[in-house]
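Engineer: Here it is: the structure, laid out below.
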Amino acid sequence: MVTPNKFPEKLLKETVKTWKSTKRGKKPLPLLDGKRKWFIHLDQMSPKDSPFGDKLPITTFSDIILRICSSMRAWNSLQNEYLYAQQEGRNIRIDLILNPWDSSMDCGNEFRYFVPPPAARGLEATVEALKLSAVSQYR
C-alpha cells in the first residue's frame, strides 16, 4: 500500500511506460486518452477502496496504475489469482474491464445479483439453466 499523495512518480512513469510497451498494454491505449472517462474493475472487483481519485473516473494509464496499486481489494484479488494459477499450473490471467463512466450513478443504490453456475445445481451450463438466487444491496 502507498500513502495518499506519496506514490513515487518515477515508479509510476516506469510502470506506465512498461505496460504501454506490452502487447496487452497497447490495446487500450486509444481509450485512455485523458478525455474519455471510465469506471474500471478487474475480474473479481473494482479498486474502489483506493485513496487516489476519490471516486473520480479513470482517464489515463497512470490513473489505472494508481488505483490498482493503492487498493487492498485489488491486491487481494491479484494475490488470489497468483496463488490459484500456481496451484493449477497455469499462467496468471486477470482482465481489466473498462466501463463507460456514468456520472449519474449513485453508489447508494448499488445492488448485487447472484447467479450461481448451473453446475452448482448439477445442471448443464446453458442460458436457460441460469437462475437468480439472491439480490442484496451493497451498502
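Each chain in the C-alpha cells gets a letter, A, B and so on, in the order shown; residues start at 1 in every chain, and ligands are counted from 1 in the order they appear.
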Taking 2 positions as the minimum chain separation for residues in the same chain, which residues sit within 8 Å of stretch 96-109 of chain A when counting only C-alpha atoms? Answer as a PyMOL selection string.
Structural biologist: chain A and resi 37-43+57+94+111+137-139
Engineer: Take the residues that were just selected and, keeping N, CA and C atoms, output them as a PDB file, in the first residue's frame.
Structural biologist:
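Contents of out.pdb, freshly written:
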```pdb
ATOM      1  N   LYS A  37     -13.909   8.963 -20.153  1.00  0.00           N
ATOM      2  CA  LYS A  37     -13.993   8.622 -18.730  1.00  0.00           C
ATOM      3  C   LYS A  37     -14.464   7.180 -18.559  1.00  0.00           C
ATOM      4  N   TRP A  38     -13.803   6.480 -17.616  1.00  0.00           N
ATOM      5  CA  TRP A  38     -14.068   5.061 -17.412  1.00  0.00           C
ATOM      6  C   TRP A  38     -14.201   4.716 -15.939  1.00  0.00           C
ATOM      7  N   PHE A  39     -14.998   3.682 -15.690  1.00  0.00           N
ATOM      8  CA  PHE A  39     -15.025   3.011 -14.394  1.00  0.00           C
ATOM      9  C   PHE A  39     -14.297   1.701 -14.641  1.00  0.00           C
ATOM     10  N   ILE A  40     -13.272   1.398 -13.848  1.00  0.00           N
ATOM     11  CA  ILE A  40     -12.521   0.167 -14.086  1.00  0.00           C
ATOM     12  C   ILE A  40     -12.807  -0.869 -13.018  1.00  0.00           C
ATOM     13  N   HIS A  41     -12.662  -2.121 -13.430  1.00  0.00           N
ATOM     14  CA  HIS A  41     -12.623  -3.201 -12.453  1.00  0.00           C
ATOM     15  C   HIS A  41     -11.837  -4.352 -13.041  1.00  0.00           C
ATOM     16  N   LEU A  42     -11.312  -5.163 -12.157  1.00  0.00           N
ATOM     17  CA  LEU A  42     -10.625  -6.378 -12.550  1.00  0.00           C
ATOM     18  C   LEU A  42     -11.675  -7.475 -12.594  1.00  0.00           C
ATOM     19  N   ASP A  43     -11.264  -8.693 -12.884  1.00  0.00           N
ATOM     20  CA  ASP A  43     -12.218  -9.798 -12.982  1.00  0.00           C
ATOM     21  C   ASP A  43     -13.190  -9.846 -11.802  1.00  0.00           C
ATOM     22  N   PRO A  57     -13.549   9.378 -12.267  1.00  0.00           N
ATOM     23  CA  PRO A  57     -13.348   8.422 -13.354  1.00  0.00           C
ATOM     24  C   PRO A  57     -11.868   8.236 -13.697  1.00  0.00           C
ATOM     25  N   ILE A  94      -5.728 -12.039 -15.607  1.00  0.00           N
ATOM     26  CA  ILE A  94      -6.611 -11.054 -14.986  1.00  0.00           C
ATOM     27  C   ILE A  94      -7.033 -10.074 -16.061  1.00  0.00           C
ATOM     28  N   PHE A 111     -26.887  -2.497  -6.211  1.00  0.00           N
ATOM     29  CA  PHE A 111     -27.390  -3.806  -5.828  1.00  0.00           C
ATOM     30  C   PHE A 111     -26.523  -4.882  -6.451  1.00  0.00           C
ATOM     31  N   GLN A 137     -28.312  -5.383  -1.343  1.00  0.00           N
ATOM     32  CA  GLN A 137     -27.850  -4.014  -1.533  1.00  0.00           C
ATOM     33  C   GLN A 137     -26.443  -3.917  -0.980  1.00  0.00           C
ATOM     34  N   TYR A 138     -25.564  -3.239  -1.716  1.00  0.00           N
ATOM     35  CA  TYR A 138     -24.158  -3.173  -1.337  1.00  0.00           C
ATOM     36  C   TYR A 138     -23.958  -2.449  -0.019  1.00  0.00           C
ATOM     37  N   ARG A 139     -24.654  -1.364   0.184  1.00  0.00           N
ATOM     38  CA  ARG A 139     -24.463  -0.583   1.419  1.00  0.00           C
ATOM     39  C   ARG A 139     -25.607  -0.792   2.368  1.00  0.00           C
TER      40      ARG A 139
END
```
Engineer: Residues near stretch 59-65 of chain A, anyone? I mean within 9 Å using only C-alpha atoms, not counting same-chain ones fewer than 3 positions away, as a ChimeraX atom specification.
Structural biologist: /A:12-13,15-16,19-20,28-29,31-38,40,52-53,68-70
Engineer: Based on the selection just made, write C-alpha atoms of those residues as an mmCIF file, in the first residue's frame.
Structural biologist:
```cif
data_model
loop_
_atom_site.group_PDB
_atom_site.id
_atom_site.type_symbol
_atom_site.label_atom_id
_atom_site.label_comp_id
_atom_site.auth_asym_id
_atom_site.auth_seq_id
_atom_site.Cartn_x
_atom_site.Cartn_y
_atom_site.Cartn_z
ATOM 1 C CA LEU A 12 4.542 5.379 -11.790
ATOM 2 C CA LYS A 13 6.177 6.607 -15.020
ATOM 3 C CA THR A 15 5.282 1.185 -14.796
ATOM 4 C CA VAL A 16 3.135 3.064 -17.326
ATOM 5 C CA TRP A 19 2.754 -1.515 -19.610
ATOM 6 C CA LYS A 20 2.271 0.549 -22.772
ATOM 7 C CA PRO A 28 -6.463 0.014 -24.563
ATOM 8 C CA LEU A 29 -4.145 2.931 -25.458
ATOM 9 C CA LEU A 31 -9.293 4.501 -24.976
ATOM 10 C CA LEU A 32 -7.075 6.037 -22.279
ATOM 11 C CA ASP A 33 -6.559 9.367 -23.997
ATOM 12 C CA GLY A 34 -7.169 11.596 -20.963
ATOM 13 C CA LYS A 35 -10.552 12.662 -22.362
ATOM 14 C CA ARG A 36 -12.809 9.629 -22.190
ATOM 15 C CA LYS A 37 -13.993 8.622 -18.730
ATOM 16 C CA TRP A 38 -14.068 5.061 -17.412
ATOM 17 C CA ILE A 40 -12.521 0.167 -14.086
ATOM 18 C CA PHE A 52 -6.467 8.110 -5.082
ATOM 19 C CA GLY A 53 -9.182 9.633 -7.221
ATOM 20 C CA ILE A 68 -4.777 -0.726 -8.602
ATOM 21 C CA CYS A 69 -1.512 -0.254 -6.701
ATOM 22 C CA SER A 70 -3.189 1.561 -3.819
#
```
Engineer: Would you list, as a list of chain:residue names, the residues of stretch 14-78 of chain A that end up in alpha helix (DSSP H) under DSSP run on this structure's backbone?
Structural biologist: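 Here is the list: A:Glu14, A:Thr15, A:Val16, A:Lys17, A:Thr18, A:Trp19, A:Lys20, A:Lys23, A:Arg24, A:Gly25, A:Lys26, A:Phe61, A:Ser62, A:Asp63, A:Ile64, A:Ile65, A:Leu66, A:Arg67, A:Ile68, A:Cys69, A:Met72, A:Arg73, A:Ala74, A:Trp75, A:Asn76, A:Ser77, A:Leu78.
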Engineer: Closest to A:Glu110 among A:Ala125, A:Val135, A:Leu78, A:Ile58, using only C-alpha atoms?
Structural biologist: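 Going through A:Ala125, A:Val135, A:Leu78, A:Ile58 one by one, the smallest distance to A:Glu110 is for A:Val135.
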Engineer: To test your reading of the structure, identify every residue in stretch 27-112 of chain A that backbone DSSP assigns to strand (DSSP E), and report it as number ranges by chain.
Structural biologist: A: 38-42, 96-100, 111-112
Engineer: Keeping only C-alpha atoms, write the selected residues to a file as a PDB file, in the first residue's frame.
Structural biologist:
```
ATOM      1  CA  TRP A  38     -14.068   5.061 -17.412  1.00  0.00           C
ATOM      2  CA  PHE A  39     -15.025   3.011 -14.394  1.00  0.00           C
ATOM      3  CA  ILE A  40     -12.521   0.167 -14.086  1.00  0.00           C
ATOM      4  CA  HIS A  41     -12.623  -3.201 -12.453  1.00  0.00           C
ATOM      5  CA  LEU A  42     -10.625  -6.378 -12.550  1.00  0.00           C
ATOM      6  CA  LEU A  96      -9.069  -5.211 -16.864  1.00  0.00           C
ATOM      7  CA  ILE A  97     -12.584  -4.079 -17.735  1.00  0.00           C
ATOM      8  CA  LEU A  98     -13.344  -0.507 -18.800  1.00  0.00           C
ATOM      9  CA  ASN A  99     -16.982   0.522 -18.456  1.00  0.00           C
ATOM     10  CA  PRO A 100     -18.098   3.962 -19.634  1.00  0.00           C
ATOM     11  CA  PHE A 111     -27.390  -3.806  -5.828  1.00  0.00           C
ATOM     12  CA  ARG A 112     -25.707  -7.175  -6.303  1.00  0.00           C
TER      13      ARG A 112
END
```
Engineer: Using Å and a single decimal, report how far atom CA of A:Tyr113 sits from atom CA of A:Ser133.
Structural biologist: 7.8 Å
Engineer: List the neighbours of A:Val127 out to 12 Å using only C-alpha atoms; skip same-chain residues closer than 4 positions along the sequence, and give me the result as a PyMOL selection string.
Structural biologist: chain A and resi 115-118+123+131-132
Engineer: Would you mind telling me which residue in A:Leu56, A:Ser46, A:Pro51, A:Pro8 lies nearest to A:Ser77 when using only C-alpha atoms?
Structural biologist: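 Ranked by minimum distance to A:Ser77, first place goes to A:Ser46.
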